[in-house]
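work-v7.cif follows; it contains mmCIF, C-alpha atoms.
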data_upload
loop_
_atom_site.label_atom_id
_atom_site.label_comp_id
_atom_site.auth_asym_id
_atom_site.auth_seq_id
_atom_site.Cartn_x
_atom_site.Cartn_y
_atom_site.Cartn_z
CA MET A 1 6.91 18.67 32.72
CA ALA A 2 4.92 18.10 29.55
CA GLU A 3 7.37 20.51 27.91
CA ILE A 4 10.27 18.37 29.07
CA PHE A 5 8.75 15.37 27.38
CA LYS A 6 8.46 17.34 24.15
CA GLU A 7 12.14 18.09 24.39
CA ILE A 8 12.99 14.46 25.16
CA GLU A 9 10.95 13.39 22.13
CA THR A 10 13.02 15.67 19.92
CA ASN A 11 16.23 14.02 21.08
CA TYR A 12 14.88 10.48 21.43
CA PRO A 13 11.98 10.04 18.99
CA GLY A 14 9.42 7.50 20.21
CA LEU A 15 10.41 7.60 23.87
CA ARG A 16 7.49 9.79 24.92
CA SER A 17 4.93 7.18 23.81
CA TYR A 18 6.49 4.67 26.18
CA VAL A 19 6.09 6.87 29.25
CA LEU A 20 2.93 8.81 28.31
CA ASP A 21 -0.20 7.72 26.44
CA GLU A 22 -1.61 9.59 23.45
CA ARG A 23 -3.50 11.95 25.75
CA GLY A 24 -0.25 12.94 27.44
CA SER A 25 -1.12 11.17 30.68
CA LEU A 26 1.44 9.12 32.58
CA ARG A 27 1.00 5.42 31.84
CA ARG A 28 -0.64 3.43 34.61
CA HIS A 29 2.43 1.49 35.72
CA VAL A 30 4.96 4.28 35.47
CA ASN A 31 5.88 6.75 38.22
CA ILE A 32 7.67 10.08 38.17
CA PHE A 33 9.41 11.57 41.21
CA ILE A 34 10.50 15.21 41.43
CA ASP A 35 13.30 15.63 43.95
CA GLY A 36 12.28 12.35 45.54
CA LYS A 37 8.57 13.15 45.77
CA MET A 38 6.02 11.33 43.66
CA ILE A 39 4.05 13.64 41.38
CA ASN A 40 0.35 14.30 42.05
CA ASP A 41 -0.91 15.19 38.61
CA ARG A 42 -0.56 12.12 36.40
CA ASN A 43 -2.80 13.55 33.68
CA LYS A 44 -1.49 17.00 32.90
CA LEU A 45 1.91 16.62 34.55
CA SER A 46 1.58 20.04 36.14
CA ASP A 47 3.69 19.40 39.27
CA ALA A 48 6.20 22.17 39.82
CA PHE A 49 9.97 21.76 39.65
CA SER A 50 12.97 24.01 39.53
CA SER A 51 15.90 24.19 37.18
CA ASN A 52 17.98 22.08 39.56
CA SER A 53 15.34 19.44 40.23
CA GLU A 54 15.99 15.79 39.69
CA ILE A 55 13.18 14.19 37.66
CA TYR A 56 13.21 10.46 38.16
CA ILE A 57 11.13 8.12 35.98
CA MET A 58 10.58 4.54 37.07
CA GLN A 59 8.41 1.65 36.01
CA ALA A 60 6.22 0.31 38.76
CA LEU A 61 7.16 -3.01 40.30
CA SER A 62 4.28 -5.00 38.95
CA GLY A 63 3.72 -7.98 36.70
CA GLY A 64 4.48 -11.64 36.89
CA MET B 1 -1.03 -27.54 5.31
CA LYS B 2 0.89 -24.35 5.82
CA SER B 3 4.14 -25.16 7.56
CA THR B 4 4.52 -22.36 10.12
CA LEU B 5 2.59 -21.57 13.28
CA LEU B 6 2.75 -18.10 14.78
CA LEU B 7 1.80 -17.68 18.41
CA GLY B 8 1.06 -14.56 20.39
CA THR B 9 1.68 -15.43 24.02
CA ARG B 10 1.75 -13.75 27.41
CA LYS B 11 5.54 -13.87 27.32
CA GLY B 12 6.46 -13.26 23.72
CA PHE B 13 6.10 -13.98 20.02
CA VAL B 14 6.78 -17.62 19.20
CA SER B 15 6.97 -19.41 15.86
CA TYR B 16 7.13 -23.10 15.04
CA GLN B 17 8.05 -24.72 11.74
CA PHE B 18 6.98 -28.14 10.49
CA LYS B 19 10.08 -29.99 9.26
CA ASN B 20 10.61 -33.69 8.66
CA GLY B 21 7.26 -34.54 10.19
CA GLU B 22 7.82 -32.54 13.37
CA TRP B 23 7.02 -29.10 14.73
CA LYS B 24 10.23 -27.36 15.80
CA SER B 25 10.47 -24.01 17.50
CA GLU B 26 11.88 -21.45 15.09
CA ASN B 27 11.77 -18.02 16.67
CA LEU B 28 11.19 -16.30 19.99
CA SER B 29 10.89 -12.53 19.91
CA PHE B 30 9.93 -9.96 22.56
CA GLU B 31 10.64 -12.39 25.39
CA GLY B 32 8.67 -11.42 28.46
CA VAL B 33 6.31 -9.06 26.65
CA PRO B 34 2.61 -9.93 26.17
CA VAL B 35 1.83 -10.31 22.46
CA SER B 36 -1.91 -9.88 21.96
CA ILE B 37 -1.80 -10.85 18.28
CA ALA B 38 0.96 -12.47 16.22
CA TYR B 39 -0.01 -11.97 12.60
CA ALA B 40 1.47 -12.65 9.17
CA ASP B 41 0.29 -10.69 6.15
CA GLU B 42 0.11 -13.45 3.54
CA ARG B 43 0.41 -10.92 0.69
CA THR B 44 3.89 -9.79 1.68
CA GLY B 45 5.12 -12.34 4.21
CA THR B 46 5.48 -9.55 6.76
CA TRP B 47 5.13 -10.68 10.37
CA TRP B 48 3.44 -8.35 12.82
CA ALA B 49 3.65 -8.34 16.61
CA CYS B 50 0.97 -6.45 18.53
CA LEU B 51 2.50 -5.83 21.94
CA ASP B 52 0.72 -5.07 25.18
CA HIS B 53 3.54 -3.86 27.40
CA GLY B 54 2.39 -3.82 31.00
CA HIS B 55 4.28 -0.61 31.60
CA TRP B 56 4.91 1.06 28.26
CA GLY B 57 1.57 0.72 26.51
CA VAL B 58 0.49 -0.82 23.24
CA LYS B 59 3.19 -1.11 20.58
CA LEU B 60 3.39 -2.44 17.05
CA HIS B 61 6.38 -4.08 15.36
CA ARG B 62 6.92 -5.75 11.98
CA SER B 63 9.50 -8.08 10.52
CA ASN B 64 10.36 -8.87 6.92
CA ASN B 65 12.72 -11.73 7.76
CA ARG B 66 10.64 -14.18 9.80
CA GLY B 67 11.34 -12.49 13.09
CA ASN B 68 15.12 -12.19 12.86
CA THR B 69 14.85 -8.41 13.13
CA TRP B 70 11.93 -6.17 13.93
CA GLU B 71 11.06 -2.57 13.18
CA GLU B 72 8.77 -0.56 15.45
CA VAL B 73 6.04 1.42 13.72
CA THR B 74 3.77 4.01 15.28
CA ALA B 75 1.01 2.28 17.20
CA PRO B 76 -2.59 3.31 16.54
CA ALA B 77 -3.56 6.33 18.61
CA TYR B 78 -6.97 7.86 19.22
CA PRO B 79 -7.22 11.46 17.96
CA GLU B 80 -7.33 14.36 20.39
CA GLY B 81 -10.77 14.68 21.93
CA SER B 82 -11.83 11.05 21.40
CA GLU B 83 -13.94 9.80 24.27
CA ILE B 84 -15.02 6.30 25.29
CA LYS B 85 -17.99 7.89 26.99
CA ASP B 86 -18.66 11.53 27.76
CA GLY B 87 -15.77 12.76 29.88
CA ILE B 88 -13.68 9.58 29.58
CA PRO B 89 -10.75 10.07 27.18
CA ALA B 90 -9.99 7.26 24.75
CA THR B 91 -6.53 5.75 24.45
CA THR B 92 -5.43 2.55 22.74
CA ARG B 93 -5.62 -0.10 25.43
CA TYR B 94 -5.13 -3.26 23.38
CA ILE B 95 -4.84 -4.44 19.79
CA TRP B 96 -7.29 -7.30 19.46
CA ALA B 97 -7.52 -7.94 15.71
CA MET B 98 -5.43 -7.49 12.60
CA ALA B 99 -6.36 -8.15 8.97
CA HIS B 100 -4.86 -7.20 5.63
CA GLY B 101 -7.08 -5.31 3.20
CA GLY B 102 -6.95 -7.82 0.35
CA LYS B 103 -5.38 -7.97 -3.09
CA LYS B 104 -7.23 -4.97 -4.49
CA PHE B 105 -5.82 -2.79 -1.70
CA PRO B 106 -2.22 -3.97 -1.36
CA SER B 107 -1.24 -1.26 1.14
CA ARG B 108 -4.29 -1.58 3.35
CA ILE B 109 -4.25 -3.04 6.87
CA TRP B 110 -7.06 -3.02 9.43
CA LEU B 111 -6.65 -3.10 13.22
CA GLY B 112 -9.30 -3.66 15.87
CA THR B 113 -8.75 -2.25 19.33
CA ASP B 114 -10.07 -1.90 22.85
CA PRO B 115 -11.82 0.57 23.53
CA GLY B 116 -13.80 -0.10 20.35
CA GLY B 117 -11.95 1.79 17.64
CA LEU B 118 -11.24 0.34 14.22
CA PHE B 119 -8.05 1.65 12.62
CA LEU B 120 -7.05 1.67 8.96
CA SER B 121 -3.64 1.99 7.36
CA GLU B 122 -3.36 2.81 3.67
CA ASP B 123 0.45 2.71 3.70
CA ASN B 124 1.31 -0.84 4.76
CA GLY B 125 1.12 -0.03 8.44
CA ASN B 126 3.42 2.98 8.52
CA SER B 127 0.51 4.93 10.02
CA PHE B 128 -2.99 4.13 11.20
CA GLN B 129 -6.07 6.34 11.33
CA LEU B 130 -9.20 5.83 13.40
CA VAL B 131 -12.24 4.94 11.28
CA GLU B 132 -14.37 7.83 12.47
CA SER B 133 -17.59 6.61 10.86
CA LEU B 134 -17.67 3.60 13.16
CA TRP B 135 -16.34 5.47 16.20
CA ASN B 136 -19.15 8.01 15.70
CA HIS B 137 -21.81 5.35 15.18
CA PRO B 138 -24.90 6.44 17.12
CA THR B 139 -25.06 3.16 19.05
CA ARG B 140 -21.49 3.22 20.37
CA LYS B 141 -21.55 5.31 23.53
CA GLU B 142 -24.76 3.87 24.95
CA GLY B 143 -25.14 0.51 23.22
CA TRP B 144 -21.63 -0.96 23.38
CA PHE B 145 -19.94 -2.17 26.55
CA GLY B 146 -17.07 -4.29 27.77
CA GLY B 147 -17.07 -8.07 27.40
CA GLY B 148 -13.88 -10.04 27.76
CA ARG B 149 -12.21 -6.70 28.40
CA ASP B 150 -13.20 -3.67 30.47
CA GLN B 151 -14.20 -1.60 27.46
CA PRO B 152 -15.77 -2.64 24.13
CA GLY B 153 -13.25 -4.25 21.79
CA ILE B 154 -13.06 -5.22 18.12
CA HIS B 155 -11.65 -8.74 17.96
CA SER B 156 -12.78 -9.86 14.50
CA ILE B 157 -12.20 -8.27 11.08
CA VAL B 158 -13.42 -10.31 8.11
CA VAL B 159 -12.61 -8.92 4.66
CA ASP B 160 -14.67 -10.44 1.85
CA PRO B 161 -12.18 -11.70 -0.77
CA ARG B 162 -14.79 -11.22 -3.55
CA ASN B 163 -15.31 -7.57 -2.69
CA GLU B 164 -12.64 -6.22 -0.39
CA GLU B 165 -14.59 -3.06 0.36
CA ARG B 166 -17.02 -5.26 2.23
CA ILE B 167 -15.91 -5.96 5.79
CA HIS B 168 -17.65 -7.53 8.74
CA ILE B 169 -16.37 -6.87 12.23
CA GLY B 170 -17.15 -8.49 15.57
CA ILE B 171 -17.34 -6.38 18.71
CA SER B 172 -17.62 -7.53 22.32
CA CYS B 173 -20.08 -6.33 23.36
CA ALA B 174 -22.02 -4.80 20.51
CA GLY B 175 -22.31 -7.55 17.91
CA VAL B 176 -21.59 -7.78 14.20
CA PHE B 177 -21.30 -4.72 11.96
CA GLU B 178 -20.88 -4.60 8.18
CA THR B 179 -19.58 -2.02 5.75
CA THR B 180 -19.78 -2.35 1.97
CA ASP B 181 -17.83 0.81 1.15
CA SER B 182 -14.53 0.34 3.00
CA GLY B 183 -15.86 1.81 6.20
CA LYS B 184 -17.79 4.90 5.16
CA LYS B 185 -21.11 3.53 6.42
CA TRP B 186 -21.86 0.75 8.90
CA HIS B 187 -24.84 -1.57 9.27
CA ILE B 188 -25.74 -3.64 12.32
CA ARG B 189 -25.99 -7.36 11.56
CA ASN B 190 -27.39 -8.94 14.73
CA LYS B 191 -30.64 -10.38 13.38
CA GLY B 192 -31.33 -13.82 14.84
CA MET B 193 -28.80 -13.54 17.65
CA TRP B 194 -29.92 -13.64 21.24
CA ALA B 195 -28.29 -12.58 24.49
CA ASP B 196 -29.75 -13.76 27.77
CA PHE B 197 -27.62 -11.30 29.72
CA LEU B 198 -29.34 -8.24 28.19
CA PRO B 199 -32.33 -6.63 29.85
CA ASN B 200 -33.93 -6.30 26.43
CA PRO B 201 -33.54 -9.54 24.46
CA ASP B 202 -34.38 -7.71 21.21
CA ALA B 203 -31.77 -5.01 21.68
CA GLU B 204 -30.16 -3.54 18.58
CA THR B 205 -26.64 -3.95 20.03
CA GLY B 206 -24.97 -5.42 23.11
CA TYR B 207 -24.41 -8.94 21.74
CA ASP B 208 -21.20 -10.80 22.41
CA PRO B 209 -19.80 -12.64 19.40
CA HIS B 210 -16.61 -14.02 20.90
CA ILE B 211 -15.20 -14.52 17.41
CA LEU B 212 -16.54 -14.07 13.89
CA VAL B 213 -15.18 -15.97 10.85
CA ALA B 214 -16.19 -16.60 7.24
CA ALA B 215 -15.70 -19.76 5.19
CA ASN B 216 -12.93 -19.43 2.61
CA SER B 217 -14.78 -21.57 0.10
CA ASN B 218 -18.01 -19.59 0.47
CA PRO B 219 -17.61 -16.28 2.30
CA ASP B 220 -21.39 -15.86 2.52
CA MET B 221 -21.25 -18.60 5.13
CA MET B 222 -20.26 -16.98 8.40
CA TRP B 223 -19.86 -18.50 11.81
CA GLN B 224 -19.49 -17.13 15.29
CA GLN B 225 -18.78 -18.64 18.66
CA ASN B 226 -20.94 -16.35 20.73
CA HIS B 227 -21.11 -15.92 24.47
CA CYS B 228 -24.55 -17.50 24.46
CA SER B 229 -24.29 -20.18 21.77
CA ILE B 230 -22.85 -20.93 18.33
CA PHE B 231 -24.40 -19.06 15.42
CA LYS B 232 -24.21 -19.55 11.66
CA SER B 233 -25.30 -17.36 8.79
CA SER B 234 -25.75 -18.46 5.19
CA ASP B 235 -26.31 -14.96 3.87
CA SER B 236 -23.31 -12.90 4.98
CA ALA B 237 -24.59 -12.12 8.47
CA MET B 238 -27.97 -10.79 7.32
CA ASN B 239 -29.61 -13.53 9.42
CA TRP B 240 -28.11 -15.63 12.20
CA GLU B 241 -29.21 -19.13 13.17
CA ASP B 242 -28.47 -20.71 16.55
CA VAL B 243 -26.66 -24.00 15.87
CA GLY B 244 -25.30 -24.61 19.37
CA GLN B 245 -26.33 -27.53 21.55
CA LYS B 246 -28.62 -26.12 24.21
CA ASP B 247 -27.80 -28.86 26.70
CA GLY B 248 -24.82 -30.38 24.95
CA THR B 249 -21.08 -29.85 24.81
CA ALA B 250 -20.91 -27.51 21.82
CA ARG B 251 -22.36 -24.36 23.27
CA PHE B 252 -20.09 -22.03 25.26
CA GLY B 253 -16.55 -21.22 24.25
CA PHE B 254 -14.42 -18.58 22.60
CA ALA B 255 -12.90 -19.98 19.41
CA ILE B 256 -14.24 -21.29 16.12
CA ALA B 257 -12.55 -22.42 12.90
CA VAL B 258 -14.13 -23.28 9.55
CA ALA B 259 -12.65 -25.78 7.11
CA GLU B 260 -10.92 -24.06 4.20
CA ASP B 261 -12.61 -26.36 1.71
CA ASN B 262 -16.02 -26.92 3.28
CA PRO B 263 -18.24 -24.11 4.59
CA ASN B 264 -20.34 -26.59 6.57
CA GLN B 265 -17.44 -28.08 8.52
CA ALA B 266 -16.39 -26.19 11.63
CA TRP B 267 -14.70 -26.74 14.97
CA VAL B 268 -15.26 -25.16 18.37
CA ALA B 269 -13.37 -25.48 21.63
CA PRO B 270 -16.05 -25.92 24.30
CA ALA B 271 -15.66 -24.55 27.81
CA ASN B 272 -17.67 -24.99 30.96
CA SER B 273 -20.62 -22.58 31.09
CA ASP B 274 -19.98 -18.87 31.13
CA THR B 275 -19.33 -18.79 34.87
CA THR B 276 -16.36 -21.02 35.64
CA ARG B 277 -14.64 -20.96 32.22
CA THR B 278 -12.72 -24.16 32.66
CA ALA B 279 -12.49 -27.35 30.64
CA ILE B 280 -15.75 -29.31 30.90
CA LYS B 281 -15.45 -31.88 33.71
CA GLY B 282 -11.70 -31.42 33.68
CA ALA B 283 -11.40 -32.87 30.17
CA LEU B 284 -10.32 -31.04 27.04
CA CYS B 285 -12.21 -31.57 23.79
CA ILE B 286 -12.86 -30.07 20.40
CA CYS B 287 -16.25 -30.39 18.73
CA ARG B 288 -16.66 -30.69 14.97
CA THR B 289 -19.71 -30.34 12.80
CA ASP B 290 -19.80 -31.67 9.25
CA ASP B 291 -23.35 -30.62 8.49
CA GLY B 292 -23.48 -26.89 9.10
CA GLY B 293 -24.13 -27.19 12.82
CA LYS B 294 -27.00 -29.68 12.78
CA SER B 295 -24.88 -32.14 14.75
CA TRP B 296 -21.59 -31.97 16.65
CA LYS B 297 -19.04 -34.71 17.25
CA VAL B 298 -16.80 -34.61 20.33
CA GLN B 299 -13.10 -35.14 19.53
CA THR B 300 -10.81 -36.13 22.41
CA LYS B 301 -8.18 -38.58 21.10
CA GLY B 302 -4.79 -37.33 22.29
CA LEU B 303 -6.20 -34.56 24.49
CA PRO B 304 -5.99 -34.59 28.32
CA GLN B 305 -9.11 -36.08 29.85
CA GLU B 306 -8.58 -35.41 33.55
CA ASN B 307 -7.31 -32.69 35.85
CA CYS B 308 -7.41 -30.22 33.01
CA TYR B 309 -8.28 -26.53 33.28
CA ASP B 310 -7.40 -25.28 29.81
CA ILE B 311 -9.63 -23.05 27.80
CA VAL B 312 -8.98 -21.86 24.27
CA TYR B 313 -9.05 -18.12 23.65
CA ARG B 314 -10.82 -16.65 20.65
CA HIS B 315 -7.88 -16.36 18.26
CA CYS B 316 -6.35 -19.69 19.16
CA LEU B 317 -8.09 -22.38 17.07
CA VAL B 318 -7.08 -22.51 13.40
CA ASN B 319 -7.35 -24.74 10.32
CA SER B 320 -5.12 -25.29 7.29
CA GLY B 321 -5.99 -28.11 4.89
CA ASP B 322 -6.54 -31.23 6.97
CA ALA B 323 -4.60 -29.72 9.87
CA LEU B 324 -5.84 -27.99 12.97
CA ALA B 325 -3.95 -26.36 15.79
CA PHE B 326 -4.98 -24.74 19.02
CA GLY B 327 -3.29 -23.11 21.98
CA THR B 328 -4.64 -22.82 25.51
CA THR B 329 -4.64 -20.59 28.55
CA THR B 330 -2.29 -22.93 30.39
CA GLY B 331 0.27 -22.95 27.61
CA ASN B 332 -0.54 -26.18 25.83
CA LEU B 333 -0.23 -26.28 22.06
CA PHE B 334 -1.96 -29.10 20.18
CA PHE B 335 -1.90 -30.18 16.54
CA SER B 336 -4.15 -32.48 14.56
CA PRO B 337 -3.16 -33.77 11.10
CA ASP B 338 -6.62 -35.24 10.44
CA ARG B 339 -9.31 -32.63 11.08
CA GLY B 340 -9.42 -33.28 14.80
CA GLU B 341 -9.74 -37.07 14.73
CA SER B 342 -6.47 -37.29 16.69
CA TRP B 343 -4.28 -34.79 18.48
CA GLN B 344 -0.57 -34.45 19.16
CA THR B 345 1.09 -32.24 21.72
CA ILE B 346 3.55 -29.69 20.35
CA ASN B 347 4.39 -28.15 23.73
CA ASN B 348 2.98 -28.35 27.26
CA TYR B 349 5.05 -25.54 28.70
CA LEU B 350 4.33 -22.39 26.75
CA PRO B 351 3.04 -19.19 28.34
CA MET B 352 -0.69 -18.45 28.12
CA ILE B 353 -1.54 -18.37 24.41
CA TYR B 354 -3.41 -15.39 22.96
CA SER B 355 -3.31 -16.08 19.20
CA VAL B 356 -2.42 -18.84 16.75
CA GLN B 357 -2.06 -18.53 12.97
CA PHE B 358 -1.03 -20.96 10.23
CA VAL B 359 1.26 -19.29 7.68
CA ASP B 360 3.58 -20.35 4.88
#

Just give me the structure of the file as structure tokens.
Amino acid sequence: MAEIFKEIETNYPGLRSYVLDERGSLRRHVNIFIDGKMINDRNKLSDAFSSNSEIYIMQALSGG
Amino acid sequence: MKSTLLLGTRKGFVSYQFKNGEWKSENLSFEGVPVSIAYADERTGTWWACLDHGHWGVKLHRSNNRGNTWEEVTAPAYPEGSEIKDGIPATTRYIWAMAHGGKKFPSRIWLGTDPGGLFLSEDNGNSFQLVESLWNHPTRKEGWFGGGRDQPGIHSIVVDPRNEERIHIGISCAGVFETTDSGKKWHIRNKGMWADFLPNPDAETGYDPHILVAANSNPDMMWQQNHCSIFKSSDSAMNWEDVGQKDGTARFGFAIAVAEDNPNQAWVAPANSDTTRTAIKGALCICRTDDGGKSWKVQTKGLPQENCYDIVYRHCLVNSGDALAFGTTTGNLFFSPDRGESWQTINNYLPMIYSVQFVD
């Protein structure tokens, strides 16, 4: 998935730094679901997916 | 008095302008987003917003038209392999201080961050680099720790206008550090400070200067509101003297301001002990010294004196000419036209206030 973020960054410069920190880890209040299942590896983003997978990024429902 | 106030608040960047004898709100930017520091570079008039997005991380924006439009610039990032402690990767968690580099270095901007990294831009903030000499200081990994925030943070950057290669910084918790060569080498300047929370009262580092400032009219005169007391130095932080009231009102707090025209006149915003962190006996006051900290006068006229829980964060008490302003944790913004003798309310209903600055 880290590769996908590289590709996204090419098309939408700056977007990656909103979802991932400078170490490439998923930011604390952001979640990613692959085919409806929350990913396990928030640091290296190594969860598997297929070419038809839906990758869903959401911000956690926190704050106030 | 400068006629604009910039506020960093928990819910956005706010500016007020003084017109026809009144403070009027001028601009609201980044509504809903925590702004850790709202800063104007007086050399260029550029406004800066240091954002602390709950979800999207730390971001940095600048405006050249008083907040009408903003441009995002790359936020400071720790280089690959940087570690807070062994095995704990470092990322930018918060921007806690911003200072321009002075007239001799017109493109230079300094940033202080949590977890303890100082960043330098040599291109007007287009890019920032970690100051490795400080990050690699031998005391950092074992002798610095969190205070105010979970990890160590640099909240004060004081550039000496007489020699802009000389910079003092304040770190919670580590203490005061000085460089005289634009950050190549760093010297610890904690002599005379004390910290009753440390196991070793003579420790080299681990002190908690809540905020560090220098007097405009004599930059050798430095002041800090410390976690444990109020300290003053007459020799550019080489030696610190405790000038707080051991059993009096002027002791604990976060903020301090020094008069632009008098290095011996300063104000603090006292809070109740270091345990409850509320207004003392439910009443808000400012304390002023006119004699370099030998005595402190309590100033309350116009400030709430009952049922009050406000405290004043470290970047939220400022001076310009005869004027003072401060913002509080419960969103009150106060103004004094007469060095604290009397106070007026600008707004009672702001978000929690993180920074206040007087600008032109």

Give as a PyMOL selection string every residue, naming chains and numbers as the document does, that has an atom within 12 Å of (-7.9, -33.5, 14.0), counting all atoms listed in the file.
chain B and resi 259+266-268+285-288+297-303+317-326+334-345

With the PyMOL selection byres ((chain B and resi 144) around 12) as the selection, what would be picked from this file? Answer as a ChimeraX atom specification, please.
/B:84-85,114-117,134-135,137-143,145-147,150-154,170-176,198,203-208

For chain B, work out the contacting residues on chain A at 9 Å, counting all atoms listed in the file, and write them as a PyMOL selection string.
chain A and resi 14+17-23+27-30+59-60+62-63

Need the shell around Ser50 of chain A: protein/DNA/RNA residues with any atom at most 12 Å away, counting only C-alpha atoms. Skip same-chain ones fewer than 5 positions apart. Format as a PyMOL selection string?
chain A and resi 1+34-35+55

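The interatomic distance for the pair atom CA of Leu212 of chain B and atom CA of Arg149 of chain B works out to 16.8 Å.
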
Nearest residue to Asp220 of chain B out of B:Val159, B:Pro201, B:Lys185, B:Cys308, using all atoms listed in the file?
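Comparing B:Val159, B:Pro201, B:Lys185, B:Cys308 against Asp220 of chain B, the winner is B:Val159.
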
Go ahead and compute the interatomic distance for atom CA of His100 of chain B and atom CA of Gly67 of chain B, in Å to one decimal.
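Distance between the two atoms: 18.6 Å.
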
Can you tell me how far atom CA of His315 of chain B sits from atom CA of Pro209 of chain B, in Å to one decimal?
12.5 Å

Do you know which residues are at most 7 Å from segment 103-109 of chain B counting only C-alpha atoms, after dropping those on the same chain fewer than 2 positions away, and could you put them as a PDB file with C-alpha atoms, keeping the file's coordinate frame?
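Produced file out.pdb, reproduced below:
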ATOM      1  CA  ALA B  99      -6.360  -8.150   8.970  1.00  0.00           C
ATOM      2  CA  HIS B 100      -4.860  -7.200   5.630  1.00  0.00           C
ATOM      3  CA  GLY B 101      -7.080  -5.310   3.200  1.00  0.00           C
ATOM      4  CA  LEU B 111      -6.650  -3.100  13.220  1.00  0.00           C
ATOM      5  CA  LEU B 120      -7.050   1.670   8.960  1.00  0.00           C
ATOM      6  CA  SER B 121      -3.640   1.990   7.360  1.00  0.00           C
ATOM      7  CA  GLU B 122      -3.360   2.810   3.670  1.00  0.00           C
ATOM      8  CA  ASP B 123       0.450   2.710   3.700  1.00  0.00           C
ATOM      9  CA  ASN B 124       1.310  -0.840   4.760  1.00  0.00           C
ATOM     10  CA  GLY B 125       1.120  -0.030   8.440  1.00  0.00           C
ATOM     11  CA  GLU B 164     -12.640  -6.220  -0.390  1.00  0.00           C
TER      12      GLU B 164
END

Could you tell me which residues the PyMOL selection byres ((chain B and resi 12) around 9) returns for this structure, as a VMD selection string?
chain B and resid 7 to 11 13 to 14 28 to 35 51 351

Need the shell around Ile32 of chain A: protein/DNA/RNA residues with any atom at most 7 Å away, counting all atoms listed in the file. Skip same-chain ones fewer than 3 positions apart. Format as a list in words?
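The residues that qualify are Met38, Ile39, Ile55, Tyr56, Ile57 and Met58 of chain A.
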
When the PyMOL selection byres ((chain B and resi 265) around 10) is applied to the file above, which residues end up in the set, as a VMD selection string?
chain B and resid 215 257 to 264 266 to 267 288 to 293 296 339
